[in-house]
Amino acid sequence: MPPVGQDRVDAFWRDGAVLIEGAVSPDWLDRVADAIERDIETPGPFHHGYVLPNGKRFHGNLRIWENDADFRAYCFDSPLPAMAAEIMGAERVKLFYDQLFVKEPGADQPTRWHNDQPYWPVRGRQVMSFWLALDEVTADSGRLEFVAGSHDWDRLFQPEPFAPGGAPYDRGEDFETMPDIEANRGDYEILAWDMKPGDVIAFHAMTVHYAGGNTRGDRRRRGYTVRYCGDDAVYFDGAGPNAGLKNPALKGGDPIESEQFPLVWTAG
Ligand SMILES: O=C(O)CCC(=O)C(=O)O
């Protein structure tokens, strides 16, 4: 795997998101694809899938590396940890968690505009994700979109449920209401890339993003995201975060590093 390269690192820090084509080899893709089918068959405790009113299925799940050797190997041993170190400029890279987003053909519910960090019990600049495409991804199959530069807004938006009828999140004091980006797309610079299997998008935890629904009847849209933290990331124990991501072993301000958030890469 060649390094990410300075141009892409610069694009990440300028825009908050960058496409890395062909980042994941066919061997890793096969292992992840098989693991996804196992997860759909037998989801663990953090499953967050649902069936839409049109009968089509969205399968979501998180912290799945903890129960599957192939997801674990991808999070620990694939090129991703070194890529995260290069992008973040980190000396130590910690796995935060992994998450699956499978929009089956016709699962046309978009993923609402949001930024990730308010959903998470972590604060810091060195916090990022890699979204891996398992299928060809196009505008009509649930492509990801990003508001360029929004990672630098320094604004935390109130988490809202993604599932129709999902339980509300705690209201955080410093959380703002997300502006209606959908109705005012022209006011923003929006970045989006068609993807091929094996491409990844690297994006910052503060970048405002969205994904369309899968309106195609002939193609799945399987996305697998792995999230990493670097040197400055600390545990946050205030209001807002997803309960399934909290870690009782840590208290507010502790460096992100524990059994739940393991060290996966160090410099030198
Ligand atoms: O794949 C999707 O629909 C949403 C992905 C996303 O929001 C994420 O990985 O943070």
# chains A, B, ... in the order shown; residues from 1 in each chain; ligands from 1
$ residues_around --residues "region 188-192 of chain A" --least-positions-apart "5" --cutoff "7 Å" --atoms "only C-alpha atoms" --output "VMD selection string"
chain A and resid 144 to 148
$ residues_near_ligand --ligand "ligand 1" --cutoff "7 Å" --atoms "only C-alpha atoms and all ligand atoms" --output "PDB file with N, CA and C atoms, in the first residue's frame"
ATOM      1  N   PHE A 101     -22.954  -0.066   7.552  1.00  0.00           N
ATOM      2  CA  PHE A 101     -24.130   0.612   6.991  1.00  0.00           C
ATOM      3  C   PHE A 101     -24.490  -0.089   5.683  1.00  0.00           C
ATOM      4  N   PRO A 110     -32.420   8.329   3.358  1.00  0.00           N
ATOM      5  CA  PRO A 110     -31.091   8.951   3.454  1.00  0.00           C
ATOM      6  C   PRO A 110     -30.561   8.906   4.886  1.00  0.00           C
ATOM      7  N   THR A 111     -29.251   9.040   5.027  1.00  0.00           N
ATOM      8  CA  THR A 111     -28.621   9.235   6.334  1.00  0.00           C
ATOM      9  C   THR A 111     -28.569  10.741   6.548  1.00  0.00           C
ATOM     10  N   ASP A 116     -20.148  13.772  13.371  1.00  0.00           N
ATOM     11  CA  ASP A 116     -20.079  12.572  14.204  1.00  0.00           C
ATOM     12  C   ASP A 116     -19.721  12.839  15.658  1.00  0.00           C
ATOM     13  N   SER A 129     -12.481   8.961  10.437  1.00  0.00           N
ATOM     14  CA  SER A 129     -13.102   7.715   9.961  1.00  0.00           C
ATOM     15  C   SER A 129     -12.628   7.392   8.549  1.00  0.00           C
ATOM     16  N   TRP A 131     -14.474   5.338   5.468  1.00  0.00           N
ATOM     17  CA  TRP A 131     -15.687   4.655   4.963  1.00  0.00           C
ATOM     18  C   TRP A 131     -15.291   3.865   3.735  1.00  0.00           C
ATOM     19  N   GLY A 142     -26.794   5.907  -2.750  1.00  0.00           N
ATOM     20  CA  GLY A 142     -26.467   6.229  -1.359  1.00  0.00           C
ATOM     21  C   GLY A 142     -25.063   6.763  -1.177  1.00  0.00           C
ATOM     22  N   LEU A 144     -21.987   9.167  -0.276  1.00  0.00           N
ATOM     23  CA  LEU A 144     -21.747  10.093   0.828  1.00  0.00           C
ATOM     24  C   LEU A 144     -21.506  11.503   0.287  1.00  0.00           C
ATOM     25  N   HIS A 209     -21.769  15.661   7.263  1.00  0.00           N
ATOM     26  CA  HIS A 209     -21.945  14.763   6.121  1.00  0.00           C
ATOM     27  C   HIS A 209     -23.329  14.139   6.103  1.00  0.00           C
ATOM     28  N   TYR A 210     -23.600  13.419   5.021  1.00  0.00           N
ATOM     29  CA  TYR A 210     -24.938  12.910   4.684  1.00  0.00           C
ATOM     30  C   TYR A 210     -24.714  11.757   3.722  1.00  0.00           C
ATOM     31  N   ALA A 211     -25.694  10.875   3.599  1.00  0.00           N
ATOM     32  CA  ALA A 211     -25.657   9.883   2.501  1.00  0.00           C
ATOM     33  C   ALA A 211     -27.071   9.729   1.968  1.00  0.00           C
ATOM     34  N   GLY A 223     -21.465  -0.194   3.136  1.00  0.00           N
ATOM     35  CA  GLY A 223     -20.371   0.669   3.592  1.00  0.00           C
ATOM     36  C   GLY A 223     -19.918   0.202   4.956  1.00  0.00           C
ATOM     37  N   THR A 225     -17.359   1.409   8.049  1.00  0.00           N
ATOM     38  CA  THR A 225     -16.567   2.539   8.546  1.00  0.00           C
ATOM     39  C   THR A 225     -15.736   2.118   9.747  1.00  0.00           C
TER      40      THR A 225
END
$ residues_around --residues "Leu250 (chain A)" --least-positions-apart "3" --cutoff "12 Å" --atoms "only C-alpha atoms" --output "ChimeraX atom specification"
/A:121-122,234-237,245-247,253-261
$ write_last_selection --atoms "C-alpha atoms" --output "short mmCIF file (atom, residue, chain, number, x, y, z; two decimals), in the first residue's frame"
data_model
loop_
_atom_site.label_atom_id
_atom_site.label_comp_id
_atom_site.auth_asym_id
_atom_site.auth_seq_id
_atom_site.Cartn_x
_atom_site.Cartn_y
_atom_site.Cartn_z
CA PRO A 121 -17.79 10.24 23.97
CA VAL A 122 -14.59 11.76 22.60
CA VAL A 234 -9.69 12.46 25.21
CA TYR A 235 -12.74 10.81 26.72
CA PHE A 236 -15.86 12.99 27.07
CA ASP A 237 -18.40 12.06 29.73
CA LEU A 245 -20.03 3.83 22.75
CA LYS A 246 -19.47 4.84 26.37
CA ASN A 247 -16.58 3.22 28.21
CA GLY A 253 -10.35 13.98 30.08
CA ASP A 254 -8.60 10.58 30.08
CA PRO A 255 -6.64 9.82 26.92
CA ILE A 256 -8.60 7.56 24.59
CA GLU A 257 -6.83 4.26 25.15
CA SER A 258 -8.33 1.22 26.85
CA GLU A 259 -9.45 -2.32 26.16
CA GLN A 260 -12.46 -0.88 24.29
CA PHE A 261 -10.28 1.64 22.42
#
$ residues_around --residues "Asp140 (chain A)" --least-positions-apart "6" --cutoff "8 Å" --atoms "only C-alpha atoms" --output "list in words"
Gly212, Gly213, Asn214, Thr215 and Arg216 of chain A
$ write_last_selection --atoms "N, CA and C atoms" --output "PDB file, in the first residue's frame"
ATOM      1  N   GLY A 212     -27.184   9.648   0.667  1.00  0.00           N
ATOM      2  CA  GLY A 212     -28.497   9.459   0.058  1.00  0.00           C
ATOM      3  C   GLY A 212     -29.038   8.067   0.364  1.00  0.00           C
ATOM      4  N   GLY A 213     -30.310   7.867   0.033  1.00  0.00           N
ATOM      5  CA  GLY A 213     -30.880   6.531   0.115  1.00  0.00           C
ATOM      6  C   GLY A 213     -30.454   5.711  -1.096  1.00  0.00           C
ATOM      7  N   ASN A 214     -30.608   4.403  -0.970  1.00  0.00           N
ATOM      8  CA  ASN A 214     -30.311   3.547  -2.126  1.00  0.00           C
ATOM      9  C   ASN A 214     -31.608   3.371  -2.920  1.00  0.00           C
ATOM     10  N   THR A 215     -31.742   4.157  -3.977  1.00  0.00           N
ATOM     11  CA  THR A 215     -32.981   4.113  -4.766  1.00  0.00           C
ATOM     12  C   THR A 215     -32.898   3.071  -5.884  1.00  0.00           C
ATOM     13  N   ARG A 216     -31.761   2.413  -5.996  1.00  0.00           N
ATOM     14  CA  ARG A 216     -31.617   1.415  -7.061  1.00  0.00           C
ATOM     15  C   ARG A 216     -32.217   0.080  -6.635  1.00  0.00           C
TER      16      ARG A 216
END
$ residues_around --residues "Gly230 (chain A)" --least-positions-apart "6" --cutoff "6 Å" --atoms "only C-alpha atoms" --output "PyMOL selection string"
chain A and resi 90+92-93+126
$ write_last_selection --atoms "N, CA and C atoms" --output "PDB file, in the first residue's frame"
ATOM      1  N   ALA A  90      -0.250  11.504  13.761  1.00  0.00           N
ATOM      2  CA  ALA A  90      -0.273  10.975  15.129  1.00  0.00           C
ATOM      3  C   ALA A  90       0.904  10.040  15.392  1.00  0.00           C
ATOM      4  N   ARG A  92       0.572   7.854  18.016  1.00  0.00           N
ATOM      5  CA  ARG A  92      -0.143   6.658  18.484  1.00  0.00           C
ATOM      6  C   ARG A  92      -1.545   6.689  17.910  1.00  0.00           C
ATOM      7  N   VAL A  93      -1.970   5.572  17.328  1.00  0.00           N
ATOM      8  CA  VAL A  93      -3.321   5.485  16.753  1.00  0.00           C
ATOM      9  C   VAL A  93      -4.121   4.467  17.549  1.00  0.00           C
ATOM     10  N   GLN A 126      -7.655  15.005  16.526  1.00  0.00           N
ATOM     11  CA  GLN A 126      -7.202  13.804  15.822  1.00  0.00           C
ATOM     12  C   GLN A 126      -8.218  12.677  16.028  1.00  0.00           C
TER      13      GLN A 126
END
$ residues_around --residues "Leu29 (chain A)" --least-positions-apart "5" --cutoff "9 Å" --atoms "only C-alpha atoms" --output "CSV table (one decimal) with C-alpha atoms, in the first residue's frame"
chain,number,residue,atom,x,y,z
A,24,VAL,CA,-8.2,-1.7,0.2
A,34,ASP,CA,-17.9,-12.4,4.2
A,134,LEU,CA,-18.0,-2.7,-0.9
A,197,PRO,CA,-15.3,-1.4,-4.3
A,198,GLY,CA,-12.0,-0.9,-2.4
$ atom_distance --atom1 "CA of Glu176 (chain A)" --atom2 "CA of Gly16 (chain A)"
19.5 Å
$ closest_atom_pairs --of "region 38-70 of chain A" --to "region 166-169 of chain A" --cutoff "12 Å" --atoms "only C-alpha atoms" --output "Markdown table"
| residue | atom | partner | partner_atom | distance |
| --- | --- | --- | --- | --- |
| A:His48 | CA | A:Gly166 | CA | 9.6 |
| A:Gly49 | CA | A:Gly166 | CA | 10.7 |
| A:Tyr50 | CA | A:Gly166 | CA | 9.9 |
$ write_last_selection --atoms "C-alpha atoms" --output "short mmCIF file (atom, residue, chain, number, x, y, z; two decimals), in the first residue's frame"
data_model
loop_
_atom_site.label_atom_id
_atom_site.label_comp_id
_atom_site.auth_asym_id
_atom_site.auth_seq_id
_atom_site.Cartn_x
_atom_site.Cartn_y
_atom_site.Cartn_z
CA HIS A 48 -29.26 -0.66 14.74
CA GLY A 49 -30.97 -1.86 11.57
CA TYR A 50 -34.60 -1.43 10.57
#
$ select_by_dssp --residues "region 60-265 of chain A" --states "alpha helix (DSSP H)" --output "short mmCIF file (atom, residue, chain, number, x, y, z; two decimals) with C-alpha atoms, in the first residue's frame"
data_model
loop_
_atom_site.label_atom_id
_atom_site.label_comp_id
_atom_site.auth_asym_id
_atom_site.auth_seq_id
_atom_site.Cartn_x
_atom_site.Cartn_y
_atom_site.Cartn_z
CA ALA A 69 -11.85 -12.11 13.76
CA ASP A 70 -12.00 -10.73 10.21
CA PHE A 71 -13.43 -7.34 11.16
CA ARG A 72 -10.82 -7.25 13.93
CA ALA A 73 -8.00 -8.07 11.51
CA TYR A 74 -9.16 -5.34 9.12
CA CYS A 75 -9.25 -2.74 11.92
CA PHE A 76 -5.86 -3.79 13.35
CA ASP A 77 -3.77 -5.26 10.52
CA LEU A 80 -5.76 1.66 7.73
CA PRO A 81 -3.96 2.30 11.06
CA ALA A 82 -0.81 3.53 9.27
CA MET A 83 -2.94 5.63 6.93
CA ALA A 84 -4.69 7.15 9.95
CA ALA A 85 -1.31 7.99 11.49
CA GLU A 86 -0.16 9.65 8.29
CA ILE A 87 -3.36 11.66 7.88
CA MET A 88 -3.65 12.77 11.51
#
$ closest_atom_pairs --of "region 109-223 of chain A" --to "region 10-15 of chain A" --cutoff "8 Å" --atoms "only C-alpha atoms" --output "tab-separated table"
residue	atom	partner	partner_atom	distance
A:Val147	CA	A:Asp15	CA	7.9
A:Ala148	CA	A:Asp15	CA	4.6
A:Gly149	CA	A:Asp15	CA	4.4
A:Ser150	CA	A:Asp15	CA	7.5
A:His151	CA	A:Asp15	CA	7.7
A:Ala202	CA	A:Phe12	CA	7.3
A:Phe203	CA	A:Phe12	CA	6.8
A:His204	CA	A:Phe12	CA	7.5
$ write_last_selection --atoms "C-alpha atoms" --output "short mmCIF file (atom, residue, chain, number, x, y, z; two decimals), in the first residue's frame"
data_model
loop_
_atom_site.label_atom_id
_atom_site.label_comp_id
_atom_site.auth_asym_id
_atom_site.auth_seq_id
_atom_site.Cartn_x
_atom_site.Cartn_y
_atom_site.Cartn_z
CA VAL A 147 -19.79 20.06 3.48
CA ALA A 148 -16.30 21.20 2.54
CA GLY A 149 -14.45 22.86 5.42
CA SER A 150 -17.17 22.17 8.01
CA HIS A 151 -14.69 20.34 10.28
CA ALA A 202 -11.22 9.49 4.90
CA PHE A 203 -13.14 12.15 6.83
CA HIS A 204 -12.80 14.16 9.99
#
$ residues_around --residues "Glu136 (chain A)" --least-positions-apart "3" --cutoff "9 Å" --atoms "only C-alpha atoms" --output "list in words"
Ala133, Ser141, Asp194, Met195, Lys196, Pro197, Arg219, Arg220 and Arg221 of chain A
$ closest_residue --among "A:Thr207, A:Thr42, A:Gln109, A:Asn242" --to "Glu160 (chain A)" --atoms "only C-alpha atoms"
A:Asn242
$ closest_residue --among "A:Arg227, A:Leu156, A:Gly252, A:Val200" --to "Arg143 (chain A)" --atoms "only C-alpha atoms"
A:Val200
$ closest_residue --among "A:Gln6, A:Trp113, A:Gly268, A:Gly22" --to "Arg185 (chain A)" --atoms "only C-alpha atoms"
A:Trp113
$ closest_residue --among "A:Gly217, A:Pro262, A:Pro241, A:Gly60" --to "Lys94 (chain A)" --atoms "only C-alpha atoms"
A:Pro262
$ closest_residue --among "A:Ala163, A:Val226, A:Ala243, A:Leu132" --to "Gln99 (chain A)" --atoms "only C-alpha atoms"
A:Val226
$ decode --residues "region 101-236 of chain A" --atoms "C-alpha atoms" --output "JSON list (two decimals), in the first residue's frame"
[["chain", "number", "residue", "atom", "x", "y", "z"],
["A", 101, "PHE", "CA", -24.13, 0.61, 6.99],
["A", 102, "VAL", "CA", -25.85, -1.71, 4.52],
["A", 103, "LYS", "CA", -28.57, -0.16, 2.40],
["A", 104, "GLU", "CA", -30.16, -3.04, 0.54],
["A", 105, "PRO", "CA", -31.62, -2.35, -2.94],
["A", 106, "GLY", "CA", -34.56, 0.03, -2.52],
["A", 107, "ALA", "CA", -33.60, 1.08, 1.06],
["A", 108, "ASP", "CA", -34.15, 4.68, 0.10],
["A", 109, "GLN", "CA", -33.90, 6.36, 3.51],
["A", 110, "PRO", "CA", -31.09, 8.95, 3.45],
["A", 111, "THR", "CA", -28.62, 9.24, 6.33],
["A", 112, "ARG", "CA", -29.43, 12.69, 7.73],
["A", 113, "TRP", "CA", -26.92, 15.56, 7.73],
["A", 114, "HIS", "CA", -24.83, 15.37, 10.90],
["A", 115, "ASN", "CA", -21.35, 15.58, 12.29],
["A", 116, "ASP", "CA", -20.08, 12.57, 14.20],
["A", 117, "GLN", "CA", -18.31, 13.91, 17.24],
["A", 118, "PRO", "CA", -21.48, 14.94, 19.14],
["A", 119, "TYR", "CA", -22.61, 11.28, 18.95],
["A", 120, "TRP", "CA", -19.34, 10.14, 20.48],
["A", 121, "PRO", "CA", -17.79, 10.24, 23.97],
["A", 122, "VAL", "CA", -14.59, 11.76, 22.60],
["A", 123, "ARG", "CA", -13.16, 15.22, 22.00],
["A", 124, "GLY", "CA", -10.04, 16.19, 20.07],
["A", 125, "ARG", "CA", -8.78, 17.14, 16.63],
["A", 126, "GLN", "CA", -7.20, 13.80, 15.82],
["A", 127, "VAL", "CA", -10.41, 11.82, 15.38],
["A", 128, "MET", "CA", -11.33, 10.42, 11.97],
["A", 129, "SER", "CA", -13.10, 7.72, 9.96],
["A", 130, "PHE", "CA", -12.49, 5.61, 6.85],
["A", 131, "TRP", "CA", -15.69, 4.65, 4.96],
["A", 132, "LEU", "CA", -15.02, 1.64, 2.74],
["A", 133, "ALA", "CA", -17.17, 0.96, -0.33],
["A", 134, "LEU", "CA", -17.96, -2.74, -0.87],
["A", 135, "ASP", "CA", -20.06, -1.98, -3.97],
["A", 136, "GLU", "CA", -20.05, 0.55, -6.72],
["A", 137, "VAL", "CA", -21.53, 3.69, -5.13],
["A", 138, "THR", "CA", -23.29, 6.39, -7.15],
["A", 139, "ALA", "CA", -25.58, 9.34, -6.48],
["A", 140, "ASP", "CA", -28.65, 7.09, -6.78],
["A", 141, "SER", "CA", -27.32, 4.30, -4.53],
["A", 142, "GLY", "CA", -26.47, 6.23, -1.36],
["A", 143, "ARG", "CA", -23.30, 8.19, -2.07],
["A", 144, "LEU", "CA", -21.75, 10.09, 0.83],
["A", 145, "GLU", "CA", -21.68, 13.90, 0.72],
["A", 146, "PHE", "CA", -19.62, 16.32, 2.81],
["A", 147, "VAL", "CA", -19.79, 20.06, 3.48],
["A", 148, "ALA", "CA", -16.30, 21.20, 2.54],
["A", 149, "GLY", "CA", -14.45, 22.86, 5.42],
["A", 150, "SER", "CA", -17.17, 22.17, 8.01],
["A", 151, "HIS", "CA", -14.69, 20.34, 10.28],
["A", 152, "ASP", "CA", -13.26, 23.80, 10.99],
["A", 153, "TRP", "CA", -16.60, 25.38, 11.93],
["A", 154, "ASP", "CA", -16.01, 24.24, 15.50],
["A", 155, "ARG", "CA", -19.75, 23.56, 15.84],
["A", 156, "LEU", "CA", -21.27, 20.51, 17.50],
["A", 157, "PHE", "CA", -24.72, 19.68, 16.19],
["A", 158, "GLN", "CA", -27.38, 18.05, 18.34],
["A", 159, "PRO", "CA", -27.46, 14.29, 17.66],
["A", 160, "GLU", "CA", -30.80, 13.11, 16.29],
["A", 161, "PRO", "CA", -31.89, 9.50, 15.67],
["A", 162, "PHE", "CA", -31.17, 8.03, 12.23],
["A", 163, "ALA", "CA", -33.79, 5.29, 12.36],
["A", 164, "PRO", "CA", -37.39, 6.33, 11.69],
["A", 165, "GLY", "CA", -39.01, 6.61, 15.14],
["A", 166, "GLY", "CA", -35.64, 6.15, 16.91],
["A", 167, "ALA", "CA", -35.19, 7.18, 20.55],
["A", 168, "PRO", "CA", -34.05, 10.80, 21.06],
["A", 169, "TYR", "CA", -30.54, 11.64, 22.30],
["A", 170, "ASP", "CA", -29.78, 13.74, 25.37],
["A", 171, "ARG", "CA", -29.60, 17.42, 24.59],
["A", 172, "GLY", "CA", -26.07, 18.74, 25.03],
["A", 173, "GLU", "CA", -25.69, 22.31, 26.32],
["A", 174, "ASP", "CA", -23.26, 23.40, 23.63],
["A", 175, "PHE", "CA", -25.05, 21.59, 20.81],
["A", 176, "GLU", "CA", -26.65, 23.60, 18.00],
["A", 177, "THR", "CA", -29.54, 22.62, 15.76],
["A", 178, "MET", "CA", -28.34, 21.44, 12.36],
["A", 179, "PRO", "CA", -29.22, 24.00, 9.66],
["A", 180, "ASP", "CA", -31.48, 22.77, 6.85],
["A", 181, "ILE", "CA", -28.67, 21.94, 4.42],
["A", 182, "GLU", "CA", -30.96, 19.83, 2.22],
["A", 183, "ALA", "CA", -33.23, 22.80, 1.49],
["A", 184, "ASN", "CA", -30.28, 25.17, 0.97],
["A", 185, "ARG", "CA", -27.70, 23.07, -0.84],
["A", 186, "GLY", "CA", -26.66, 26.04, -2.97],
["A", 187, "ASP", "CA", -25.35, 27.83, 0.13],
["A", 188, "TYR", "CA", -22.73, 25.16, 0.76],
["A", 189, "GLU", "CA", -19.78, 23.66, -1.07],
["A", 190, "ILE", "CA", -20.74, 19.98, -1.12],
["A", 191, "LEU", "CA", -18.19, 17.29, -1.98],
["A", 192, "ALA", "CA", -19.19, 13.83, -3.22],
["A", 193, "TRP", "CA", -17.43, 11.06, -5.10],
["A", 194, "ASP", "CA", -18.67, 8.01, -6.96],
["A", 195, "MET", "CA", -16.80, 5.02, -5.57],
["A", 196, "LYS", "CA", -15.67, 1.57, -6.63],
["A", 197, "PRO", "CA", -15.25, -1.40, -4.29],
["A", 198, "GLY", "CA", -11.99, -0.89, -2.40],
["A", 199, "ASP", "CA", -12.13, 2.91, -2.44],
["A", 200, "VAL", "CA", -12.28, 4.64, 0.92],
["A", 201, "ILE", "CA", -13.22, 8.14, 1.98],
["A", 202, "ALA", "CA", -11.22, 9.49, 4.90],
["A", 203, "PHE", "CA", -13.14, 12.15, 6.83],
["A", 204, "HIS", "CA", -12.80, 14.16, 9.99],
["A", 205, "ALA", "CA", -15.10, 13.56, 12.99],
["A", 206, "MET", "CA", -16.34, 17.18, 12.84],
["A", 207, "THR", "CA", -17.14, 17.21, 9.11],
["A", 208, "VAL", "CA", -20.84, 17.62, 8.38],
["A", 209, "HIS", "CA", -21.95, 14.76, 6.12],
["A", 210, "TYR", "CA", -24.94, 12.91, 4.68],
["A", 211, "ALA", "CA", -25.66, 9.88, 2.50],
["A", 212, "GLY", "CA", -28.50, 9.46, 0.06],
["A", 213, "GLY", "CA", -30.88, 6.53, 0.12],
["A", 214, "ASN", "CA", -30.31, 3.55, -2.13],
["A", 215, "THR", "CA", -32.98, 4.11, -4.77],
["A", 216, "ARG", "CA", -31.62, 1.42, -7.06],
["A", 217, "GLY", "CA", -33.36, -1.90, -7.30],
["A", 218, "ASP", "CA", -30.34, -3.77, -8.66],
["A", 219, "ARG", "CA", -27.44, -2.94, -6.35],
["A", 220, "ARG", "CA", -26.65, -3.06, -2.64],
["A", 221, "ARG", "CA", -24.77, -0.29, -0.94],
["A", 222, "ARG", "CA", -22.55, -1.80, 1.69],
["A", 223, "GLY", "CA", -20.37, 0.67, 3.59],
["A", 224, "TYR", "CA", -18.05, -0.26, 6.43],
["A", 225, "THR", "CA", -16.57, 2.54, 8.55],
["A", 226, "VAL", "CA", -13.63, 2.30, 10.93],
["A", 227, "ARG", "CA", -12.93, 5.21, 13.28],
["A", 228, "TYR", "CA", -9.54, 6.03, 14.78],
["A", 229, "CYS", "CA", -8.21, 8.49, 17.34],
["A", 230, "GLY", "CA", -4.75, 10.03, 17.59],
["A", 231, "ASP", "CA", -2.68, 11.69, 20.28],
["A", 232, "ASP", "CA", -4.93, 14.52, 21.45],
["A", 233, "ALA", "CA", -8.20, 12.56, 21.71],
["A", 234, "VAL", "CA", -9.69, 12.46, 25.21],
["A", 235, "TYR", "CA", -12.74, 10.81, 26.72],
["A", 236, "PHE", "CA", -15.86, 12.99, 27.07]]
